[in-house]
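> Please see the structure below; I have some questions.
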Amino acid sequence: MFFTSVVLLCLAVLLAWPVPLLLARAQWPSRAPGTALVLWQAIALAGGLSMIGAFVTYGLIPFGPNLLTALRELVRHLFDGTLPDDANLGHIFALCIAVLFTGHLLLNLALTIARTERQRNRHLSLVNLLSAPMPGRPDTRVLDHPAPVAYCLPGMTRSVTVLSEGLVSLLDAEQLKGVIAHERAHLRQQHHLVLVAFKSWHSALPWFPIANRAETAVGLLVEMLADDQARRVVDDTTLATAIALVASEGADRPDGSTLEHLHAGDTAEGVVGSRIQRLLSPRPPLSNTARVAVLVVSVALLLVPTLLLIVI
């Protein structure tokens with residue numbers, strides 16, 4: 001199993017640094033955000049599986065020629081309180097690292113989910129107390145606050161879209177329709193589940209720059225996906241104007257200069273600027289052939305470490 005551990009380690013290194021770095025810098029994800037999101041998830045899952053698998057397979061070398069046999073022998077030795085003759089400190093250390101790393105990732109995921117759900121429930125209670133239902137939209141609440149705010153609160157049994165009075169008074173009917181469609185898309189497509197997973201990854205590895213880059217890239221992709229849903233009910237310019245107005249907190253420039261400022265200004269590299277640029281200067285969607293190729297690569301990334309662990 002030494003060969004398997006080396007291959008898995010090489011794959012883990014590739015998926016931990018150069019591959020996500022190249023993907024984060026690529027231009028094509030904005031042309032197919034859903035496909036890019038699938039690839040990001042495949043990279044994260046395959047990278048974690050490869051890293052854990054590399055330590056496990058190396059640590060189990062003295063216990064058997066393949067994973068299943070070695071695991072059975074490991075359990076037997078644990079009950080007997082013995083070790084194989086050729087087991088050394090390196091093998092034991094690798095197994096301990098695999099267990100600790102797996103536990104660390106799972107514990108961070110559980111804590112992140114629990115913390116996020118607790119904060120969300122507390123927030124929903126406050127929203128129900130401080131807001132009123134929007135006429136004709138029972139799942140939309142309006143806060144009595146002058147700042148333009150729009151967000152969604154997903155829940156286990158009930159999800160709501162939250163708007164502020166400042167937003168409702170700032171935007172016209174079409175712009176407001178686009179904003180609501182955007183927030184509804186987040187809820188309908190369950191974007192919070194993807195975001196919490198990458199937030200957990202970043203929380204587990206805060207010193208790892210790729211984890212931060214991945215969380216930022218995925219956050220932008222889910223915003224673009226929600227924008228694509230909103231584009232089905234309003235035109236691109238209307239949606240871009242609404243985004244710019246909300247981002248600028250209702251800057252006193254209703255003639256459109258707010259939009260131009262955000263499109264060409266300091267935020268052009270940020271989430272808001274990227275979304276506006278994508279709406280105002282749309283590029284052709286990624287071809288079906290390219291989408292299929294990316295999906296094939298995503299599936300392959302998950303299959304390679306899995307097959308290496310099971311078959312070899």
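Scheme for the structure tokens: letters A, B, ... for chains in order shown; per-chain residue numbers from 1; ligand numbers from 1 in order shown.
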Which polymer residues have any atom within 10 Å of an atom of A:Trp17, counting only C-alpha atoms, with same-chain residues fewer than 5 positions away left out, as a list of chain:residue names?
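The residues that qualify are A:Ala12, A:Leu22, A:Gly47, A:Phe208, A:Pro209, A:Ile210, A:Ala211.
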> Go ahead and write the selection's residues with N, CA and C atoms as a compact mmCIF listing (two decimals), in the first residue's frame.

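Saved as result-v5.txt:
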```
# COMPACT_ATOMS: atom_id res chain seq x y z
N ALA A 12 -3.42 14.84 -2.89
CA ALA A 12 -3.84 15.77 -1.83
C ALA A 12 -3.10 17.09 -1.94
N LEU A 22 -5.49 27.84 -9.14
CA LEU A 22 -5.78 28.08 -10.56
C LEU A 22 -7.27 28.30 -10.79
N GLY A 47 -9.84 16.31 -1.95
CA GLY A 47 -8.63 16.70 -1.25
C GLY A 47 -8.60 16.17 0.17
N PHE A 208 -4.70 28.11 6.62
CA PHE A 208 -4.52 27.58 5.28
C PHE A 208 -5.13 28.57 4.28
N PRO A 209 -4.31 29.29 3.50
CA PRO A 209 -4.86 30.36 2.64
C PRO A 209 -5.86 29.87 1.61
N ILE A 210 -5.71 28.64 1.12
CA ILE A 210 -6.64 28.13 0.11
C ILE A 210 -8.05 27.97 0.67
N ALA A 211 -8.16 27.65 1.96
CA ALA A 211 -9.49 27.51 2.57
C ALA A 211 -10.23 28.84 2.54
```
> Residues within 10 Å of A:Thr306, please, as a ChimeraX atom specification. Count only C-alpha atoms; anything in the same chain fewer than 6 positions from it doesn't count.
/A:8,46,49-50,53,300,312
> Using N, CA and C atoms, can you export the residues from the last selection as a CSV table (one decimal), in the first residue's frame?

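Generated file (selection-v4.csv):
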```csv
chain,number,residue,atom,x,y,z
A,8,LEU,N,-1.9,9.1,-3.3
A,8,LEU,CA,-2.9,9.9,-2.5
A,8,LEU,C,-2.3,11.2,-2.0
A,46,ALA,N,-12.5,15.5,-2.5
A,46,ALA,CA,-11.4,14.7,-2.9
A,46,ALA,C,-10.1,15.0,-2.2
A,49,LEU,N,-10.3,13.6,1.4
A,49,LEU,CA,-10.3,12.1,1.3
A,49,LEU,C,-8.9,11.6,1.0
A,50,SER,N,-8.2,12.3,0.1
A,50,SER,CA,-6.8,12.0,-0.3
A,50,SER,C,-5.9,12.1,0.8
A,53,GLY,N,-6.7,9.5,3.4
A,53,GLY,CA,-6.3,8.2,2.9
A,53,GLY,C,-4.9,8.0,2.8
A,300,ALA,N,-14.3,12.4,-11.7
A,300,ALA,CA,-13.0,11.7,-11.6
A,300,ALA,C,-12.3,12.0,-10.4
A,312,ILE,N,-7.0,-1.0,-4.6
A,312,ILE,CA,-5.6,-1.3,-4.4
A,312,ILE,C,-5.3,-1.7,-3.0
```
> Taking only C-alpha atoms into account, which of A:Gln229, A:Thr161, A:Ser281, A:Ser203 comes nearest A:Glu215?
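Residue with the minimum atom-to-atom distance to A:Glu215: A:Ser203.
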> Please report the interatomic distance between atom CA of A:His202 and atom CA of A:Val272 in Å with one decimal.
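Between atom CA of A:His202 and atom CA of A:Val272 the gap is 21.8 Å.
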> To one decimal place, how far is atom CA of A:Val299 from atom CA of A:Thr35 in Å?
11.9 Å
> Quick one: residues within 10 Å of A:Thr4, only C-alpha atoms, excluding same-chain residues fewer than 6 positions away - as a list in words?
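Here the qualifying residues turn out to be Cys10, Gly53, Ala54, Thr57, Tyr58, Asn66, Pro305, Leu308, Leu309 and Ile312 of chain A.
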> Emit the selected residues as a PDB file, in the first residue's frame, including N, CA and C atoms.

```pdb
ATOM      1  N   CYS A  10       0.302  12.820  -3.186  1.00  0.00           N
ATOM      2  CA  CYS A  10       0.531  13.732  -4.318  1.00  0.00           C
ATOM      3  C   CYS A  10      -0.773  14.383  -4.759  1.00  0.00           C
ATOM      4  N   GLY A  53      -6.679   9.523   3.409  1.00  0.00           N
ATOM      5  CA  GLY A  53      -6.338   8.214   2.858  1.00  0.00           C
ATOM      6  C   GLY A  53      -4.851   7.979   2.784  1.00  0.00           C
ATOM      7  N   ALA A  54      -4.058   9.036   2.499  1.00  0.00           N
ATOM      8  CA  ALA A  54      -2.608   8.874   2.427  1.00  0.00           C
ATOM      9  C   ALA A  54      -2.041   8.447   3.775  1.00  0.00           C
ATOM     10  N   THR A  57      -3.417   4.706   4.627  1.00  0.00           N
ATOM     11  CA  THR A  57      -2.780   3.621   3.876  1.00  0.00           C
ATOM     12  C   THR A  57      -1.320   3.431   4.278  1.00  0.00           C
ATOM     13  N   TYR A  58      -0.628   4.532   4.568  1.00  0.00           N
ATOM     14  CA  TYR A  58       0.760   4.379   5.023  1.00  0.00           C
ATOM     15  C   TYR A  58       0.799   3.718   6.402  1.00  0.00           C
ATOM     16  N   ASN A  66      -3.957  -4.844   1.570  1.00  0.00           N
ATOM     17  CA  ASN A  66      -4.990  -3.930   1.080  1.00  0.00           C
ATOM     18  C   ASN A  66      -5.765  -3.356   2.258  1.00  0.00           C
ATOM     19  N   PRO A 305      -9.450   8.841  -5.638  1.00  0.00           N
ATOM     20  CA  PRO A 305      -9.055   8.426  -4.289  1.00  0.00           C
ATOM     21  C   PRO A 305      -9.914   7.298  -3.727  1.00  0.00           C
ATOM     22  N   LEU A 308      -8.690   4.099  -5.346  1.00  0.00           N
ATOM     23  CA  LEU A 308      -7.351   3.766  -4.823  1.00  0.00           C
ATOM     24  C   LEU A 308      -7.460   3.106  -3.447  1.00  0.00           C
ATOM     25  N   LEU A 309      -8.380   3.612  -2.641  1.00  0.00           N
ATOM     26  CA  LEU A 309      -8.550   3.060  -1.294  1.00  0.00           C
ATOM     27  C   LEU A 309      -9.230   1.699  -1.301  1.00  0.00           C
ATOM     28  N   ILE A 312      -7.021  -0.966  -4.579  1.00  0.00           N
ATOM     29  CA  ILE A 312      -5.603  -1.292  -4.427  1.00  0.00           C
ATOM     30  C   ILE A 312      -5.269  -1.684  -3.001  1.00  0.00           C
TER      31      ILE A 312
END
```
> Determine the nearest neighbour of A:Pro20 from the options A:Val233, A:Leu60, A:Val292, A:Val218, counting only C-alpha atoms.
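Smallest distance to A:Pro20 is found for A:Val218.
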> If we count only C-alpha atoms, what is near A:Ile52 at a cut-off of 10 Å, once residues fewer than 6 positions away on the same chain are taken out, given as an MDAnalysis selection string?
chainID A and resid 5 8:9 12 46 94:95 97:102
> If you run DSSP over the backbone, which residues in stretch 48-293 of chain A end up strand (DSSP E or B)? Put them as a list in words.
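Filtering stretch 48-293 of chain A to strand (DSSP E or B) leaves Ser131, Ala132, Pro133, Met134, Arg137, Pro138, Asp139, Thr140, Arg141, Val142, Leu143, Ala150, Tyr151, Cys152, Leu153, Val160, Thr161, Val162, Leu163 and Ser164 of chain A.
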> Emit the selected residues as a tab-separated table (two decimals), in the first residue's frame, including N, CA and C atoms.

```
chain	number	residue	atom	x	y	z
A	131	SER	N	-40.47	42.89	12.84
A	131	SER	CA	-40.88	43.14	11.46
A	131	SER	C	-42.34	42.79	11.25
A	132	ALA	N	-42.83	43.12	10.07
A	132	ALA	CA	-44.22	42.81	9.70
A	132	ALA	C	-44.22	42.12	8.35
A	133	PRO	N	-45.21	41.25	8.11
A	133	PRO	CA	-45.28	40.58	6.79
A	133	PRO	C	-45.48	41.59	5.67
A	134	MET	N	-44.87	41.32	4.54
A	134	MET	CA	-45.05	42.18	3.38
A	134	MET	C	-46.40	41.85	2.74
A	137	ARG	N	-47.06	38.89	0.28
A	137	ARG	CA	-45.90	37.97	0.34
A	137	ARG	C	-45.73	37.52	1.78
A	138	PRO	N	-46.44	36.47	2.21
A	138	PRO	CA	-46.41	36.05	3.62
A	138	PRO	C	-45.04	35.57	4.10
A	139	ASP	N	-44.19	35.11	3.17
A	139	ASP	CA	-42.87	34.64	3.56
A	139	ASP	C	-41.80	35.72	3.46
A	140	THR	N	-42.24	36.96	3.28
A	140	THR	CA	-41.31	38.09	3.24
A	140	THR	C	-41.64	39.04	4.38
A	141	ARG	N	-40.63	39.38	5.17
A	141	ARG	CA	-40.81	40.27	6.32
A	141	ARG	C	-40.12	41.60	6.03
A	142	VAL	N	-40.72	42.68	6.54
A	142	VAL	CA	-40.18	44.02	6.32
A	142	VAL	C	-39.79	44.62	7.66
A	143	LEU	N	-38.52	44.98	7.79
A	143	LEU	CA	-38.00	45.61	9.00
A	143	LEU	C	-38.15	47.12	8.90
A	150	ALA	N	-31.36	43.50	2.42
A	150	ALA	CA	-32.11	42.35	1.91
A	150	ALA	C	-31.29	41.10	2.16
A	151	TYR	N	-31.91	40.10	2.76
A	151	TYR	CA	-31.24	38.82	2.99
A	151	TYR	C	-32.29	37.75	3.24
A	152	CYS	N	-31.85	36.50	3.26
A	152	CYS	CA	-32.78	35.40	3.51
A	152	CYS	C	-32.34	34.64	4.75
A	153	LEU	N	-33.32	34.06	5.42
A	153	LEU	CA	-33.06	33.25	6.61
A	153	LEU	C	-33.63	31.85	6.38
A	160	VAL	N	-37.61	32.57	5.49
A	160	VAL	CA	-38.17	33.89	5.20
A	160	VAL	C	-37.15	34.75	4.46
A	161	THR	N	-37.69	35.68	3.70
A	161	THR	CA	-36.88	36.72	3.08
A	161	THR	C	-37.10	38.00	3.86
A	162	VAL	N	-36.02	38.69	4.20
A	162	VAL	CA	-36.10	39.88	5.04
A	162	VAL	C	-35.69	41.09	4.21
A	163	LEU	N	-36.56	42.10	4.19
A	163	LEU	CA	-36.27	43.38	3.54
A	163	LEU	C	-36.41	44.48	4.58
A	164	SER	N	-35.81	45.62	4.30
A	164	SER	CA	-35.97	46.77	5.19
A	164	SER	C	-36.85	47.82	4.50
```
> According to DSSP computed on the backbone, where in stretch 129-298 of chain A is there alpha helix (DSSP H)? Give the residues as a VMD selection string.
chain A and resid 129 to 130 165 to 170 173 to 188 191 to 204 209 to 230 236 to 247 257 to 264 271 to 280 288 to 298
> With distances taken over only C-alpha atoms, which residue among A:Gln189, A:Asn121, A:Gln175, A:Gln41 lies nearest A:Leu239?
A:Gln175
> Calculated over only C-alpha atoms, which of the candidates A:Asp80, A:Glu183, A:Asp235, A:Asp144 has the smallest distance to A:Val168?
A:Asp144
> Compile the contact shell of A:Leu286 as number ranges by chain: residues with an atom at most 9 Å away, counting only C-alpha atoms, same-chain residues fewer than 3 positions apart removed.
A: 28-32, 283, 289-291
